[in-house]
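**Student:** Dropping in my_file-v1.tsv, which is TSV, N, CA and C atoms:
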chain	number	residue	atom	x	y	z
A	6	MET	N	0.82	-1.19	0.00
A	6	MET	CA	0.00	0.00	0.00
A	6	MET	C	0.87	1.26	0.00
A	7	LYS	N	1.95	1.26	0.77
A	7	LYS	CA	2.83	2.42	0.82
A	7	LYS	C	3.45	2.69	-0.54
A	8	LEU	N	3.79	1.65	-1.27
A	8	LEU	CA	4.41	1.79	-2.58
A	8	LEU	C	3.46	2.50	-3.55
A	9	LYS	N	2.17	2.20	-3.48
A	9	LYS	CA	1.18	2.86	-4.34
A	9	LYS	C	1.10	4.35	-4.03
A	10	LYS	N	1.15	4.71	-2.74
A	10	LYS	CA	1.11	6.12	-2.34
A	10	LYS	C	2.34	6.87	-2.84
A	11	ILE	N	3.48	6.23	-2.74
A	11	ILE	CA	4.73	6.86	-3.20
A	11	ILE	C	4.68	7.06	-4.71
A	12	LYS	N	4.22	6.04	-5.45
A	12	LYS	CA	4.11	6.16	-6.91
A	12	LYS	C	3.13	7.28	-7.28
A	13	PHE	N	2.00	7.33	-6.57
A	13	PHE	CA	1.00	8.37	-6.82
A	13	PHE	C	1.60	9.76	-6.59
A	14	MET	N	2.33	9.93	-5.50
A	14	MET	CA	2.95	11.22	-5.19
A	14	MET	C	3.99	11.60	-6.25
A	15	LEU	N	4.78	10.66	-6.70
A	15	LEU	CA	5.79	10.94	-7.73
A	15	LEU	C	5.13	11.35	-9.05
A	16	VAL	N	4.08	10.64	-9.44
A	16	VAL	CA	3.37	10.97	-10.67
A	16	VAL	C	2.74	12.36	-10.55
A	17	THR	N	2.14	12.65	-9.41
A	17	THR	CA	1.51	13.96	-9.18
A	17	THR	C	2.55	15.08	-9.23
A	18	MET	N	3.67	14.90	-8.57
A	18	MET	CA	4.73	15.92	-8.57
A	18	MET	C	5.27	16.14	-9.97
A	19	THR	N	5.46	15.06	-10.72
A	19	THR	CA	5.95	15.17	-12.10
A	19	THR	C	4.96	15.95	-12.96
A	20	ALA	N	3.68	15.69	-12.78
A	20	ALA	CA	2.65	16.41	-13.55
A	20	ALA	C	2.64	17.90	-13.21
A	21	VAL	N	2.76	18.23	-11.94
A	21	VAL	CA	2.78	19.64	-11.52
A	21	VAL	C	4.00	20.35	-12.11
A	22	ILE	N	5.16	19.73	-12.05
A	22	ILE	CA	6.38	20.33	-12.61
A	22	ILE	C	6.23	20.52	-14.11
A	23	ALA	N	5.70	19.54	-14.80
A	23	ALA	CA	5.50	19.65	-16.25
A	23	ALA	C	4.53	20.77	-16.58
A	24	PHE	N	3.46	20.89	-15.80
A	24	PHE	CA	2.46	21.94	-16.01
A	24	PHE	C	3.08	23.33	-15.86
A	25	LEU	N	3.86	23.52	-14.80
A	25	LEU	CA	4.45	24.84	-14.54
A	25	LEU	C	5.55	25.20	-15.52
A	26	SER	N	6.17	24.21	-16.13
A	26	SER	CA	7.25	24.52	-17.07
A	26	SER	C	6.77	24.72	-18.50
A	27	CYS	N	5.50	24.50	-18.76
A	27	CYS	CA	4.96	24.69	-20.11
A	27	CYS	C	4.77	26.18	-20.39
A	28	PRO	N	5.24	26.65	-21.56
A	28	PRO	CA	5.05	28.06	-21.91
A	28	PRO	C	3.57	28.39	-21.96
A	29	GLY	N	3.24	29.57	-21.43
A	29	GLY	CA	1.87	30.03	-21.47
A	29	GLY	C	1.05	29.61	-20.26
A	30	LEU	N	1.49	28.61	-19.54
A	30	LEU	CA	0.72	28.16	-18.38
A	30	LEU	C	1.19	28.85	-17.10
A	31	ALA	N	2.46	29.05	-16.99
A	31	ALA	CA	2.99	29.81	-15.85
A	31	ALA	C	3.11	31.27	-16.29
A	32	ALA	N	3.27	32.19	-15.37
A	32	ALA	CA	3.40	33.61	-15.71
A	32	ALA	C	4.65	33.82	-16.57
A	33	GLN	N	4.48	34.50	-17.69
A	33	GLN	CA	5.57	34.73	-18.62
A	33	GLN	C	5.91	36.22	-18.66
A	34	ALA	N	7.18	36.50	-18.87
A	34	ALA	CA	7.61	37.88	-19.06
A	34	ALA	C	7.22	38.28	-20.48
A	35	SER	N	7.09	39.59	-20.71
A	35	SER	CA	6.68	40.07	-22.02
A	35	SER	C	7.47	41.33	-22.38
A	36	TYR	N	8.03	41.32	-23.58
A	36	TYR	CA	8.80	42.46	-24.09
A	36	TYR	C	8.40	42.65	-25.55
A	37	LYS	N	7.95	43.88	-25.89
A	37	LYS	CA	7.56	44.09	-27.27
A	37	LYS	C	7.61	45.57	-27.64
A	38	SER	N	7.68	45.82	-28.95
A	38	SER	CA	7.62	47.17	-29.51
A	38	SER	C	6.30	47.28	-30.24
A	39	ILE	N	5.58	48.38	-29.97
A	39	ILE	CA	4.25	48.53	-30.56
A	39	ILE	C	4.07	49.93	-31.16
A	40	SER	N	3.05	50.08	-31.97
A	40	SER	CA	2.74	51.35	-32.64
A	40	SER	C	2.20	52.37	-31.64
A	41	ALA	N	2.14	53.62	-32.06
A	41	ALA	CA	1.61	54.69	-31.22
A	41	ALA	C	0.15	54.41	-30.86
A	42	LYS	N	-0.62	53.89	-31.79
A	42	LYS	CA	-2.03	53.58	-31.53
A	42	LYS	C	-2.16	52.53	-30.43
A	43	GLU	N	-1.34	51.48	-30.52
A	43	GLU	CA	-1.36	50.42	-29.50
A	43	GLU	C	-0.84	50.94	-28.15
A	44	PHE	N	0.18	51.79	-28.21
A	44	PHE	CA	0.78	52.37	-27.01
A	44	PHE	C	-0.25	53.23	-26.28
A	45	LYS	N	-1.01	54.02	-27.04
A	45	LYS	CA	-2.06	54.86	-26.48
A	45	LYS	C	-3.12	53.99	-25.80
A	46	ALA	N	-3.47	52.89	-26.43
A	46	ALA	CA	-4.45	51.97	-25.84
A	46	ALA	C	-3.93	51.38	-24.53
A	47	GLU	N	-2.64	51.09	-24.47
A	47	GLU	CA	-2.04	50.57	-23.23
A	47	GLU	C	-2.12	51.63	-22.12
A	48	ILE	N	-1.87	52.87	-22.47
A	48	ILE	CA	-1.95	53.96	-21.49
A	48	ILE	C	-3.38	54.10	-20.99
A	49	GLU	N	-4.33	54.00	-21.90
A	49	GLU	CA	-5.74	54.19	-21.56
A	49	GLU	C	-6.30	53.09	-20.66
A	50	LYS	N	-5.61	51.97	-20.57
A	50	LYS	CA	-6.03	50.91	-19.64
A	50	LYS	C	-5.92	51.40	-18.21
A	51	ASN	N	-5.06	52.42	-17.99
A	51	ASN	CA	-4.94	53.13	-16.72
A	51	ASN	C	-4.77	52.22	-15.51
A	52	SER	N	-3.82	51.33	-15.58
A	52	SER	CA	-3.53	50.43	-14.47
A	52	SER	C	-2.59	51.10	-13.47
A	53	LYS	N	-2.86	50.89	-12.19
A	53	LYS	CA	-1.98	51.44	-11.15
A	53	LYS	C	-0.62	50.75	-11.17
A	54	ASN	N	-0.55	49.63	-11.85
A	54	ASN	CA	0.69	48.87	-11.94
A	54	ASN	C	1.52	49.26	-13.17
A	55	THR	N	1.09	50.30	-13.90
A	55	THR	CA	1.77	50.72	-15.12
A	55	THR	C	2.55	52.01	-14.89
A	56	VAL	N	3.78	52.04	-15.42
A	56	VAL	CA	4.64	53.22	-15.34
A	56	VAL	C	4.98	53.64	-16.76
A	57	ILE	N	4.73	54.91	-17.08
A	57	ILE	CA	5.11	55.46	-18.38
A	57	ILE	C	6.48	56.10	-18.19
A	58	LEU	N	7.46	55.60	-18.93
A	58	LEU	CA	8.84	56.02	-18.74
A	58	LEU	C	9.38	56.72	-19.97
A	59	ASP	N	9.64	58.01	-19.84
A	59	ASP	CA	10.23	58.83	-20.90
A	59	ASP	C	11.74	58.84	-20.66
A	60	ILE	N	12.50	58.31	-21.60
A	60	ILE	CA	13.95	58.21	-21.37
A	60	ILE	C	14.74	59.22	-22.20
A	61	ARG	N	14.08	60.29	-22.60
A	61	ARG	CA	14.76	61.37	-23.31
A	61	ARG	C	15.49	62.26	-22.31
A	62	THR	N	16.22	63.23	-22.82
A	62	THR	CA	16.92	64.18	-21.95
A	62	THR	C	15.89	65.06	-21.25
A	63	PRO	N	16.25	65.68	-20.13
A	63	PRO	CA	15.32	66.58	-19.45
A	63	PRO	C	14.83	67.71	-20.36
A	64	GLN	N	15.69	68.20	-21.24
A	64	GLN	CA	15.28	69.26	-22.18
A	64	GLN	C	14.21	68.74	-23.15
A	65	GLU	N	14.41	67.54	-23.66
A	65	GLU	CA	13.41	66.94	-24.55
A	65	GLU	C	12.09	66.74	-23.80
A	66	TYR	N	12.19	66.26	-22.58
A	66	TYR	CA	11.01	66.00	-21.75
A	66	TYR	C	10.21	67.29	-21.53
A	67	GLU	N	10.90	68.37	-21.22
A	67	GLU	CA	10.23	69.64	-20.97
A	67	GLU	C	9.59	70.23	-22.21
A	68	SER	N	10.06	69.84	-23.39
A	68	SER	CA	9.48	70.36	-24.63
A	68	SER	C	8.11	69.74	-24.92
A	69	GLY	N	7.77	68.68	-24.22
A	69	GLY	CA	6.48	68.01	-24.38
A	69	GLY	C	6.62	66.53	-24.12
A	70	HIS	N	5.76	66.00	-23.24
A	70	HIS	CA	5.85	64.59	-22.86
A	70	HIS	C	4.45	64.01	-22.67
A	71	LEU	N	4.38	62.71	-22.56
A	71	LEU	CA	3.11	62.04	-22.33
A	71	LEU	C	2.66	62.28	-20.90
A	72	LYS	N	1.38	62.52	-20.74
A	72	LYS	CA	0.79	62.80	-19.44
A	72	LYS	C	1.08	61.65	-18.47
A	73	GLY	N	1.55	62.01	-17.28
A	73	GLY	CA	1.83	61.03	-16.24
A	73	GLY	C	3.14	60.30	-16.38
A	74	SER	N	3.96	60.70	-17.36
A	74	SER	CA	5.23	59.99	-17.56
A	74	SER	C	6.29	60.43	-16.55
A	75	ARG	N	7.23	59.55	-16.35
A	75	ARG	CA	8.38	59.80	-15.47
A	75	ARG	C	9.61	59.88	-16.36
A	76	ASN	N	10.49	60.83	-16.10
A	76	ASN	CA	11.68	61.04	-16.93
A	76	ASN	C	12.94	60.49	-16.26
A	77	ILE	N	13.62	59.60	-17.00
A	77	ILE	CA	14.95	59.13	-16.61
A	77	ILE	C	15.81	59.24	-17.86
A	78	ASP	N	16.83	60.08	-17.81
A	78	ASP	CA	17.67	60.38	-18.96
A	78	ASP	C	18.54	59.19	-19.37
A	79	PHE	N	18.31	58.69	-20.57
A	79	PHE	CA	19.06	57.56	-21.12
A	79	PHE	C	20.56	57.86	-21.15
A	80	TYR	N	20.93	59.12	-21.40
A	80	TYR	CA	22.34	59.48	-21.54
A	80	TYR	C	23.03	59.76	-20.20
A	81	ALA	N	22.30	59.77	-19.10
A	81	ALA	CA	22.90	60.02	-17.79
A	81	ALA	C	23.80	58.85	-17.39
A	82	ASP	N	24.88	59.16	-16.70
A	82	ASP	CA	25.82	58.13	-16.26
A	82	ASP	C	25.16	57.07	-15.36
A	83	ASP	N	24.15	57.48	-14.62
A	83	ASP	CA	23.50	56.57	-13.69
A	83	ASP	C	22.19	55.97	-14.23
A	84	PHE	N	22.00	56.01	-15.54
A	84	PHE	CA	20.75	55.51	-16.13
A	84	PHE	C	20.48	54.05	-15.75
A	85	ARG	N	21.46	53.20	-15.95
A	85	ARG	CA	21.28	51.77	-15.64
A	85	ARG	C	20.98	51.57	-14.16
A	86	THR	N	21.65	52.31	-13.29
A	86	THR	CA	21.43	52.21	-11.85
A	86	THR	C	20.01	52.63	-11.50
A	87	LYS	N	19.54	53.74	-12.12
A	87	LYS	CA	18.17	54.20	-11.86
A	87	LYS	C	17.15	53.17	-12.35
A	88	LEU	N	17.40	52.59	-13.51
A	88	LEU	CA	16.50	51.55	-14.02
A	88	LEU	C	16.46	50.38	-13.04
A	89	ASP	N	17.62	49.96	-12.61
A	89	ASP	CA	17.74	48.79	-11.74
A	89	ASP	C	17.03	48.99	-10.41
A	90	SER	N	16.85	50.26	-10.00
A	90	SER	CA	16.20	50.54	-8.71
A	90	SER	C	14.67	50.52	-8.81
A	91	LEU	N	14.13	50.45	-10.03
A	91	LEU	CA	12.68	50.44	-10.22
A	91	LEU	C	12.08	49.08	-9.86
A	92	ASP	N	10.80	49.08	-9.56
A	92	ASP	CA	10.07	47.85	-9.25
A	92	ASP	C	9.93	47.02	-10.53
A	93	LYS	N	10.59	45.89	-10.57
A	93	LYS	CA	10.65	45.07	-11.77
A	93	LYS	C	9.36	44.29	-12.05
A	94	THR	N	8.43	44.32	-11.12
A	94	THR	CA	7.17	43.60	-11.32
A	94	THR	C	6.10	44.46	-11.99
A	95	LYS	N	6.35	45.76	-12.09
A	95	LYS	CA	5.38	46.66	-12.72
A	95	LYS	C	5.48	46.55	-14.25
A	96	LYS	N	4.47	47.10	-14.91
A	96	LYS	CA	4.42	47.15	-16.37
A	96	LYS	C	4.98	48.50	-16.80
A	97	TYR	N	5.99	48.50	-17.68
A	97	TYR	CA	6.62	49.74	-18.13
A	97	TYR	C	6.33	50.00	-19.60
A	98	LEU	N	5.86	51.22	-19.86
A	98	LEU	CA	5.66	51.72	-21.22
A	98	LEU	C	6.77	52.73	-21.44
A	99	VAL	N	7.73	52.39	-22.30
A	99	VAL	CA	8.95	53.18	-22.47
A	99	VAL	C	8.96	53.86	-23.83
A	100	TYR	N	9.34	55.14	-23.82
A	100	TYR	CA	9.46	55.84	-25.10
A	100	TYR	C	10.61	56.84	-25.08
A	101	CYS	N	11.05	57.19	-26.29
A	101	CYS	CA	12.07	58.22	-26.50
A	101	CYS	C	11.64	59.05	-27.72
A	102	ARG	N	12.57	59.67	-28.39
A	102	ARG	CA	12.22	60.50	-29.55
A	102	ARG	C	11.86	59.65	-30.77
A	103	SER	N	12.74	58.72	-31.15
A	103	SER	CA	12.55	57.98	-32.39
A	103	SER	C	12.37	56.47	-32.23
A	104	GLY	N	12.56	55.97	-31.02
A	104	GLY	CA	12.46	54.53	-30.78
A	104	GLY	C	13.80	53.85	-30.62
A	105	ASN	N	14.89	54.54	-30.93
A	105	ASN	CA	16.22	53.93	-30.82
A	105	ASN	C	16.61	53.69	-29.36
A	106	ARG	N	16.57	54.74	-28.54
A	106	ARG	CA	16.96	54.59	-27.13
A	106	ARG	C	16.00	53.67	-26.39
A	107	SER	N	14.70	53.78	-26.68
A	107	SER	CA	13.74	52.94	-25.96
A	107	SER	C	13.89	51.46	-26.30
A	108	SER	N	14.27	51.15	-27.53
A	108	SER	CA	14.49	49.74	-27.87
A	108	SER	C	15.74	49.21	-27.16
A	109	GLN	N	16.75	50.07	-27.01
A	109	GLN	CA	17.94	49.69	-26.25
A	109	GLN	C	17.59	49.51	-24.77
A	110	ALA	N	16.76	50.41	-24.25
A	110	ALA	CA	16.34	50.33	-22.85
A	110	ALA	C	15.52	49.06	-22.61
A	111	LEU	N	14.66	48.70	-23.55
A	111	LEU	CA	13.87	47.48	-23.42
A	111	LEU	C	14.80	46.28	-23.23
A	112	ASN	N	15.83	46.19	-24.06
A	112	ASN	CA	16.79	45.08	-23.95
A	112	ASN	C	17.54	45.12	-22.62
A	113	MET	N	17.89	46.31	-22.18
A	113	MET	CA	18.57	46.46	-20.90
A	113	MET	C	17.65	46.02	-19.76
A	114	MET	N	16.41	46.43	-19.82
A	114	MET	CA	15.45	46.09	-18.77
A	114	MET	C	15.20	44.58	-18.74
A	115	LYS	N	15.19	43.98	-19.89
A	115	LYS	CA	15.03	42.53	-19.97
A	115	LYS	C	16.18	41.84	-19.23
A	116	LYS	N	17.40	42.30	-19.47
A	116	LYS	CA	18.58	41.73	-18.80
A	116	LYS	C	18.57	41.99	-17.30
A	117	LEU	N	17.97	43.11	-16.89
A	117	LEU	CA	17.90	43.45	-15.47
A	117	LEU	C	16.78	42.70	-14.74
A	118	GLY	N	15.95	41.98	-15.48
A	118	GLY	CA	14.92	41.17	-14.85
A	118	GLY	C	13.53	41.76	-14.77
A	119	PHE	N	13.27	42.83	-15.54
A	119	PHE	CA	11.92	43.39	-15.59
A	119	PHE	C	11.00	42.37	-16.24
A	120	LYS	N	9.76	42.33	-15.81
A	120	LYS	CA	8.82	41.31	-16.28
A	120	LYS	C	7.98	41.74	-17.47
A	121	TYR	N	7.72	43.06	-17.60
A	121	TYR	CA	6.79	43.50	-18.64
A	121	TYR	C	7.22	44.88	-19.13
A	122	VAL	N	7.75	44.94	-20.35
A	122	VAL	CA	8.22	46.20	-20.91
A	122	VAL	C	7.69	46.35	-22.33
A	123	ILE	N	7.09	47.50	-22.60
A	123	ILE	CA	6.59	47.81	-23.93
A	123	ILE	C	7.30	49.07	-24.42
A	124	ASP	N	7.82	48.99	-25.61
A	124	ASP	CA	8.56	50.08	-26.25
A	124	ASP	C	7.67	50.74	-27.32
A	125	LEU	N	7.64	52.07	-27.33
A	125	LEU	CA	6.92	52.81	-28.37
A	125	LEU	C	7.78	52.84	-29.63
A	126	LYS	N	7.42	51.97	-30.58
A	126	LYS	CA	8.15	51.89	-31.84
A	126	LYS	C	8.06	53.24	-32.56
A	127	ASN	N	9.16	53.75	-33.02
A	127	ASN	CA	9.26	55.04	-33.72
A	127	ASN	C	9.03	56.24	-32.79
A	128	GLY	N	9.00	55.99	-31.49
A	128	GLY	CA	9.04	57.03	-30.48
A	128	GLY	C	7.94	58.08	-30.53
A	129	ILE	N	8.26	59.19	-29.86
A	129	ILE	CA	7.31	60.29	-29.75
A	129	ILE	C	7.05	60.94	-31.12
A	130	ILE	N	7.96	60.72	-32.05
A	130	ILE	CA	7.75	61.21	-33.43
A	130	ILE	C	6.47	60.59	-33.98
A	131	ASP	N	6.30	59.27	-33.80
A	131	ASP	CA	5.09	58.59	-34.27
A	131	ASP	C	3.87	59.03	-33.48
A	132	TRP	N	4.05	59.26	-32.19
A	132	TRP	CA	2.97	59.74	-31.32
A	132	TRP	C	2.43	61.07	-31.87
A	133	GLN	N	3.34	61.99	-32.18
A	133	GLN	CA	2.94	63.31	-32.70
A	133	GLN	C	2.36	63.21	-34.11
A	134	ARG	N	2.88	62.31	-34.90
A	134	ARG	CA	2.37	62.08	-36.26
A	134	ARG	C	0.89	61.70	-36.22
A	135	ASN	N	0.50	61.04	-35.14
A	135	ASN	CA	-0.90	60.65	-34.97
A	135	ASN	C	-1.74	61.72	-34.24
A	136	ASN	N	-1.13	62.86	-34.00
A	136	ASN	CA	-1.80	63.98	-33.31
A	136	ASN	C	-2.30	63.62	-31.92
A	137	TYR	N	-1.56	62.77	-31.22
A	137	TYR	CA	-1.91	62.44	-29.85
A	137	TYR	C	-1.34	63.53	-28.93
A	138	PRO	N	-1.98	63.76	-27.80
A	138	PRO	CA	-1.62	64.90	-26.94
A	138	PRO	C	-0.30	64.73	-26.18
A	139	LEU	N	0.32	65.89	-25.96
A	139	LEU	CA	1.51	65.99	-25.11
A	139	LEU	C	1.22	67.06	-24.07
A	140	GLU	N	1.91	67.01	-22.97
A	140	GLU	CA	1.78	68.10	-22.01
A	140	GLU	C	3.16	68.66	-21.71
A	141	LYS	N	3.15	69.92	-21.26
A	141	LYS	CA	4.42	70.61	-20.94
A	141	LYS	C	4.44	70.97	-19.50
In structure tokens, what does this structure look like?
**Tutor:**
Amino acid sequence: MKLKKIKFMLVTMTAVIAFLSCPGLAAQASYKSISAKEFKAEIEKNSKNTVILDIRTPQEYESGHLKGSRNIDFYADDFRTKLDSLDKTKKYLVYCRSGNRSSQALNMMKKLGFKYVIDLKNGIIDWQRNNYPLEK
């Protein structure tokens, strides 16, 4: 009788491990670049767990930025340190001027262990091309 219980426990544990290791069944990290239209829709979901991150220079940020965004200068010496200090479990919507810096930041954030990062493909240039609002 004990042998049957042990076999049952081993089979059950193996099934649980297999289930959790299957892609899509356990929580997965997500990293992607999306259009301005999709980025706007992500912002409009208005989750308290979402951070809009503008990684342009402070001068660029002051010239016009997305409402509610936080500015961390990509070119600052302590950029990586500032990124690393952020809550890695939150959802980050990252943008720059053209999409170059934000795509680099997305890769950096992935290496730092962030779970959910979305990059605005073609940056704030595409945002403005769509006549979406900025604030100063």
**Student:** Between CA of Ile57 (chain A) and atom C of Lys72 (chain A), what distance in Å does the model show, to one decimal?
**Tutor:**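 These atoms are spaced 7.4 Å apart.
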**Student:** Give me the residues near Trp132 (chain A) as a list in words, where near means some atom within 10 Å (using only C-alpha atoms) and where sequence neighbours in that chain fewer than 5 positions away do not count.
**Tutor:** Ser40, Ala41, Lys42, Phe44, Lys45, Leu71, Tyr100, Arg102, Ser103, Leu125, Lys126, Asn127, Tyr137, Pro138 and Leu139 of chain A
**Student:** I need the residues in chain A that are helix (DSSP H, G or I) according to DSSP; give them as an NGL selection string.
**Tutor:** :A and (7-26 or 41-49 or 63-67 or 84-89 or 105-117 or 128-134)
**Student:** Which is closer to Met113 (chain A) than all the others in A:Arg85, A:Glu67, A:Asp92, A:Gly128, using all atoms listed in the file?
**Tutor:**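 Residue with the minimum atom-to-atom distance to Met113 (chain A): A:Arg85.
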**Student:** Going by DSSP on the backbone, which residues of chain A come out as strand (DSSP E or B)? List them as a ChimeraX atom specification.
**Tutor:** /A:35-39,55-59,70,75-76,96-100,121-125,140
**Student:** Report, in Å to a single decimal, how far apart atom N of Ser38 (chain A) and atom C of Ser107 (chain A) are.
**Tutor:**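 We find that atom C of Ser107 (chain A) and atom N of Ser38 (chain A) lie 8.8 Å from each other.
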**Student:** Kindly provide, as lines of an AutoDock Vina configuration file, the centre and edge lengths (Å, one decimal) of an axis-aligned box around all atoms of region 111-116 of chain A given in the file, with 4 Å on each side.
**Tutor:**
center_x = 16.2
center_y = 45.2
center_z = -20.7
size_x = 12.7
size_y = 15.0
size_z = 14.8
**Student:** Fewer than 3 positions away in the same chain doesn't count, so skip those; otherwise give me all residues within 9 Å of Arg61 (chain A), counting only C-alpha atoms, as a ChimeraX atom specification.
**Tutor:** /A:64-66,76-80,100-102,106-107
**Student:** How many Å lie between CA of Gly73 (chain A) and CA of Ile123 (chain A), rounded to one decimal?
**Tutor:** 16.0 Å
**Student:** Find the residue from A:Ala34, A:Leu58, A:Leu117, A:Ala110 that sits nearest to Leu98 (chain A); use only N, CA and C atoms when measuring.
**Tutor:** A:Leu58
